[in-house]
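Peer 1: Pasting run_12.txt below, which is compact mmCIF, C-alpha atoms.
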# COMPACT_ATOMS: atom_id res chain seq x y z
CA MET A 1 70.19 113.76 80.88
CA ALA A 2 73.31 111.56 80.93
CA THR A 3 75.15 110.82 84.14
CA GLU A 4 78.67 112.19 84.24
CA SER A 5 81.52 111.37 86.58
CA LEU A 6 84.43 113.41 87.94
CA LYS A 7 87.34 112.02 89.97
CA VAL A 8 89.36 114.58 91.94
CA THR A 9 92.42 114.45 94.18
CA PRO A 10 93.48 116.82 97.00
CA ILE A 11 94.63 120.30 96.00
CA SER A 12 95.53 121.55 99.48
CA LEU A 13 95.41 121.07 103.21
CA ASP A 14 92.71 123.02 105.03
CA ALA A 15 95.04 124.55 107.64
CA ASN A 16 92.15 126.24 109.49
CA LEU A 17 90.45 122.92 110.27
CA SER A 18 93.50 120.65 110.59
CA SER A 19 95.26 120.04 113.89
CA TYR A 20 98.31 117.79 114.19
CA ASP A 21 101.68 117.99 115.90
CA SER A 22 103.78 118.31 112.72
CA ILE A 23 104.43 116.95 109.27
CA ASN A 24 107.55 114.80 109.14
CA SER A 25 110.01 116.66 106.89
CA GLY A 26 111.07 113.40 105.24
CA TYR A 27 107.49 112.82 104.07
CA PRO A 28 106.20 116.30 103.09
CA LEU A 29 102.69 117.45 102.25
CA HIS A 30 103.32 117.62 98.50
CA ASN A 31 103.60 113.79 98.50
CA ILE A 32 99.78 113.55 98.65
CA LEU A 33 98.60 116.66 96.81
CA GLY A 34 97.20 115.62 93.46
CA LYS A 35 97.61 111.95 94.36
CA ASP A 36 94.98 109.22 94.61
CA GLU A 37 94.86 105.91 96.46
CA THR A 38 97.34 104.28 94.03
CA ASN A 39 100.17 106.56 95.18
CA SER A 40 103.32 104.89 96.58
CA THR A 41 104.65 107.91 98.52
CA PHE A 42 103.03 109.38 101.61
CA THR A 43 102.80 112.32 103.97
CA ARG A 44 103.45 111.55 107.62
CA PHE A 45 101.37 113.51 110.11
CA ASN A 46 102.81 113.28 113.64
CA MET A 47 99.89 113.00 116.03
CA ASN A 48 99.13 115.45 118.82
CA THR A 49 100.24 114.17 122.23
CA GLY A 50 98.15 113.74 125.37
CA VAL A 51 95.40 111.54 126.72
CA MET A 52 92.59 111.34 124.18
CA ALA A 53 94.37 113.95 122.03
CA TYR A 54 92.72 114.37 118.64
CA THR A 55 94.64 114.78 115.38
CA TYR A 56 92.69 116.13 112.39
CA VAL A 57 93.79 116.35 108.77
CA PHE A 58 91.31 118.04 106.40
CA LEU A 59 91.98 118.05 102.64
CA VAL A 60 90.43 120.36 100.04
CA PHE A 61 89.31 119.38 96.52
CA ASP A 62 88.32 121.35 93.42
CA PHE A 63 84.81 120.57 92.19
CA SER A 64 84.49 123.65 89.96
CA ALA A 65 84.16 121.48 86.83
CA ILE A 66 80.73 120.35 88.06
CA PRO A 67 78.00 122.83 87.10
CA GLU A 68 76.34 124.69 89.98
CA ASN A 69 72.90 123.46 88.82
CA ALA A 70 73.98 119.79 88.69
CA THR A 71 72.18 117.12 90.66
CA ILE A 72 74.65 115.06 92.67
CA ASN A 73 73.70 111.40 92.39
CA ARG A 74 76.54 109.79 94.27
CA VAL A 75 79.81 110.66 95.98
CA SER A 76 82.42 108.07 96.88
CA CYS A 77 85.85 108.36 98.43
CA SER A 78 88.87 106.11 98.44
CA CYS A 79 92.08 106.59 100.40
CA LYS A 80 95.24 104.71 101.27
CA GLY A 81 96.93 104.96 104.63
CA LYS A 82 98.32 103.39 107.78
CA CYS A 83 99.05 104.29 111.40
CA SER A 84 102.08 103.70 113.61
CA ASN A 85 100.30 101.65 116.27
CA SER A 86 97.11 99.65 115.96
CA SER A 87 96.34 99.43 119.68
CA SER A 88 93.35 101.54 120.68
CA VAL A 89 95.01 102.28 124.03
CA VAL A 90 98.08 103.74 122.26
CA ALA A 91 97.17 105.42 118.97
CA GLY A 92 95.11 103.02 116.91
CA ASN A 93 91.78 104.84 116.94
CA ASN A 94 91.38 106.49 113.54
CA ASP A 95 88.83 106.96 110.82
CA ILE A 96 88.11 108.75 107.57
CA ALA A 97 85.14 110.97 106.81
CA LEU A 98 83.60 113.24 104.23
CA CYS A 99 82.61 116.52 105.82
CA GLU A 100 80.91 119.78 104.93
CA ASN A 101 83.67 121.96 106.31
CA SER A 102 84.19 120.20 109.69
CA ASN A 103 80.66 118.74 109.99
CA VAL A 104 80.71 115.01 109.30
CA ILE A 105 78.40 113.87 106.51
CA VAL A 106 79.57 110.25 106.56
CA ARG A 107 82.49 108.43 108.14
CA SER A 108 84.07 105.01 107.90
CA SER A 109 82.28 102.31 109.80
CA SER A 110 85.26 101.45 111.99
CA THR A 111 87.05 103.47 114.67
CA GLN A 112 90.19 101.56 113.68
CA THR A 113 90.12 102.12 109.94
CA PHE A 114 93.89 101.84 109.46
CA ASP A 115 96.39 99.65 111.26
CA THR A 116 100.17 99.29 110.87
CA SER A 117 99.89 97.76 107.39
CA VAL A 118 99.08 99.92 104.39
CA SER A 119 95.47 99.52 103.24
CA THR A 120 92.94 101.23 101.03
CA GLU A 121 89.59 102.19 102.53
CA THR A 122 86.44 103.52 100.89
CA ILE A 123 83.30 105.45 101.65
CA SER A 124 80.65 104.97 99.00
CA SER A 125 77.22 106.03 97.89
CA VAL A 126 76.89 109.25 99.82
CA GLU A 127 74.06 111.59 98.86
CA ILE A 128 74.81 115.30 99.14
CA THR A 129 73.67 118.49 97.46
CA ARG A 130 75.65 120.58 95.00
CA ALA A 131 75.87 123.33 97.63
CA GLN A 132 77.47 120.90 100.11
CA LEU A 133 79.98 119.87 97.47
CA ASN A 134 81.41 123.41 97.47
CA ASN A 135 82.62 122.86 101.05
CA LEU A 136 83.31 119.13 100.92
CA ARG A 137 86.43 118.07 102.82
CA PHE A 138 88.10 114.74 103.38
CA ARG A 139 88.99 114.20 107.04
CA LEU A 140 91.55 111.82 108.50
CA LEU A 141 91.18 111.54 112.28
CA GLY A 142 93.53 109.93 114.80
CA VAL A 143 92.96 109.70 118.56
CA ARG A 144 95.53 108.87 121.24
CA GLY A 145 94.73 106.26 123.83
CA SER A 146 95.62 106.38 127.52
CA PHE A 147 98.98 104.54 127.03
CA GLY A 148 100.14 106.49 123.98
CA VAL A 149 100.31 109.85 125.68
CA THR A 150 103.89 110.97 124.99
CA ARG A 151 105.39 108.49 122.54
CA THR A 152 105.72 109.63 118.93
CA GLN A 153 102.83 108.25 116.89
CA TYR A 154 101.83 109.10 113.35
CA LEU A 155 99.32 108.70 110.54
CA ASP A 156 100.62 108.07 107.01
CA LEU A 157 98.39 109.18 104.16
CA TYR A 158 99.30 108.05 100.63
CA GLY A 159 96.50 109.62 98.64
CA VAL A 160 92.79 110.28 98.40
CA SER A 161 90.28 110.49 95.57
CA ILE A 162 86.68 111.58 95.55
CA THR A 163 84.45 110.54 92.67
CA VAL A 164 81.25 112.47 92.02
CA GLU A 165 78.50 111.16 89.74
CA TYR A 166 76.08 113.85 88.64
CA THR A 167 73.48 114.83 86.08
Let's see the structure in the file written out as structure tokens.

Peer 2:
Amino acid sequence: MATESLKVTPISLDANLSSYDSINSGYPLHNILGKDETNSTFTRFNMNTGVMAYTYVFLVFDFSAIPENATINRVSCSCKGKCSNSSSVVAGNNDIALCENSNVIVRSSSTQTFDTSVSTETISSVEITRAQLNNLRFRLLGVRGSFGVTRTQYLDLYGVSITVEYT
């Protein structure tokens, strides 16, 4: 059986799992829906305030083109983003993850994945089942440090793609 590949981009925000202060109206959600890591526009998620306050953004993808009886050989993810402050004591702790609903399957290796310059980050070679794929979410996480309690901080997300190789 030949290996096939499918690249998908976000179709929606999972509002039930996401938690952030607000989306900046100048950089709305539709800027990232259907967009991959080559996108030049972004959505700005204002981070929750407080000491060690967590900001979660979960994105949903459509994998319905992959047959339910397929064997998933590999899943990889690529995303482009930045944050407003790269200091871990302000708002620089952030990472990306692939999750089954909110349960992390694999996350980026750094707790400071993005800094104040735009960059593209990847997660590659993840093994999951076809059943897990039905509930696969991309998660962007930001955490406030002890000095970034009340100041406005944000995470900019330009786009995300997930590529699934299957037989």

Peer 1: Could you pull the residues within 8 Å of segment 12-17 of chain A, counting only C-alpha atoms, minus those fewer than 2 positions along the same chain, as a PDB file with C-alpha atoms, keeping the file's coordinate frame?

Peer 2:
ATOM      1  CA  PRO A  10      93.480 116.820  97.000  1.00  0.00           C
ATOM      2  CA  SER A  19      95.260 120.040 113.890  1.00  0.00           C
ATOM      3  CA  LEU A  33      98.600 116.660  96.810  1.00  0.00           C
ATOM      4  CA  TYR A  56      92.690 116.130 112.390  1.00  0.00           C
ATOM      5  CA  VAL A  57      93.790 116.350 108.770  1.00  0.00           C
ATOM      6  CA  PHE A  58      91.310 118.040 106.400  1.00  0.00           C
ATOM      7  CA  LEU A  59      91.980 118.050 102.640  1.00  0.00           C
ATOM      8  CA  VAL A  60      90.430 120.360 100.040  1.00  0.00           C
ATOM      9  CA  PHE A  61      89.310 119.380  96.520  1.00  0.00           C
ATOM     10  CA  ASN A 101      83.670 121.960 106.310  1.00  0.00           C
ATOM     11  CA  SER A 102      84.190 120.200 109.690  1.00  0.00           C
TER      12      SER A 102
END

Peer 1: Nearest to Ile128 of chain A among A:Val149, A:Ser86, A:Val164, A:Leu141, with distances taken over all atoms listed in the file: which residue is it?

Peer 2: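 That would be A:Val164, the residue with the smallest distance to Ile128 of chain A.
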
Peer 1: What lies within 7 Å of segment 87-91 of chain A using only C-alpha atoms, ignoring chain neighbours under 6 positions off, as a list in words?

Peer 2: Val143, Arg144, Gly145, Ser146, Phe147, Gly148 and Gln153 of chain A

Peer 1: Just the number, please: distance in Å from atom CA of Thr152 of chain A to atom CA of Thr113 of chain A, one decimal.

Peer 2: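 These two atoms are separated by 19.5 Å.
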
Peer 1: Rank A:Gly142, A:Gly159, A:Gly50, A:Gly81 by their smallest atom-to-atom distance to Asn31 of chain A, using only C-alpha atoms, and report the top residue only.

Peer 2: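 Going through A:Gly142, A:Gly159, A:Gly50, A:Gly81 one by one, the smallest distance to Asn31 of chain A is for A:Gly159.
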
Peer 1: Would you mind reading off the distance between atom CA of Ala2 of chain A and atom CA of Thr167 of chain A, one decimal, in Å?

Peer 2: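 Between these atoms lies a distance of 6.1 Å.
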
Peer 1: Excluding segment 23-26 of chain A and residues on its chain fewer than 3 positions from it, collect all residues at most 7 Å away from it, counting only C-alpha atoms, and give them as a list in words.

Peer 2: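 Everything that qualifies: Arg44, Phe45 and Asn46 of chain A.
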
Peer 1: Between atom CA of Thr120 of chain A and atom CA of Asp156 of chain A, what distance in Å does the model show, to one decimal?

Peer 2: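 Those two atoms sit 11.9 Å apart.
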
Peer 1: May I have the residues within 12 Å of Thr38 of chain A as an MDAnalysis selection string, using only C-alpha atoms and disregarding those fewer than 5 positions away in the same chain?

Peer 2: chainID A and resid 9 32 78:81 118:121 157:161

Peer 1: Please provide as a PyMOL selection string all residues within 12 Å of Glu4 of chain A, with the sequence filter that same-chain residues fewer than 2 positions apart are discarded (counting only C-alpha atoms).

Peer 2: chain A and resi 1-2+6-7+65-67+70-75+163-167

Peer 1: Between A:Ile162, A:Leu136, A:Val8, A:Met52, which residue has the minimum interatomic distance to Glu100 of chain A, considering only C-alpha atoms?

Peer 2: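 Checking each candidate against Glu100 of chain A, we get A:Leu136 as the closest.
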
Peer 1: Find, counting only C-alpha atoms, the residue in A:Ser108, A:Thr49, A:Ser64, A:Asn39 that gets nearest to Ser124 of chain A.

Peer 2: A:Ser108

Peer 1: With all atoms listed in the file as the atoms that count, which of A:Phe138, A:Ala131, A:Ser76, A:Thr122 lies nearest to Asn103 of chain A?

Peer 2: A:Phe138
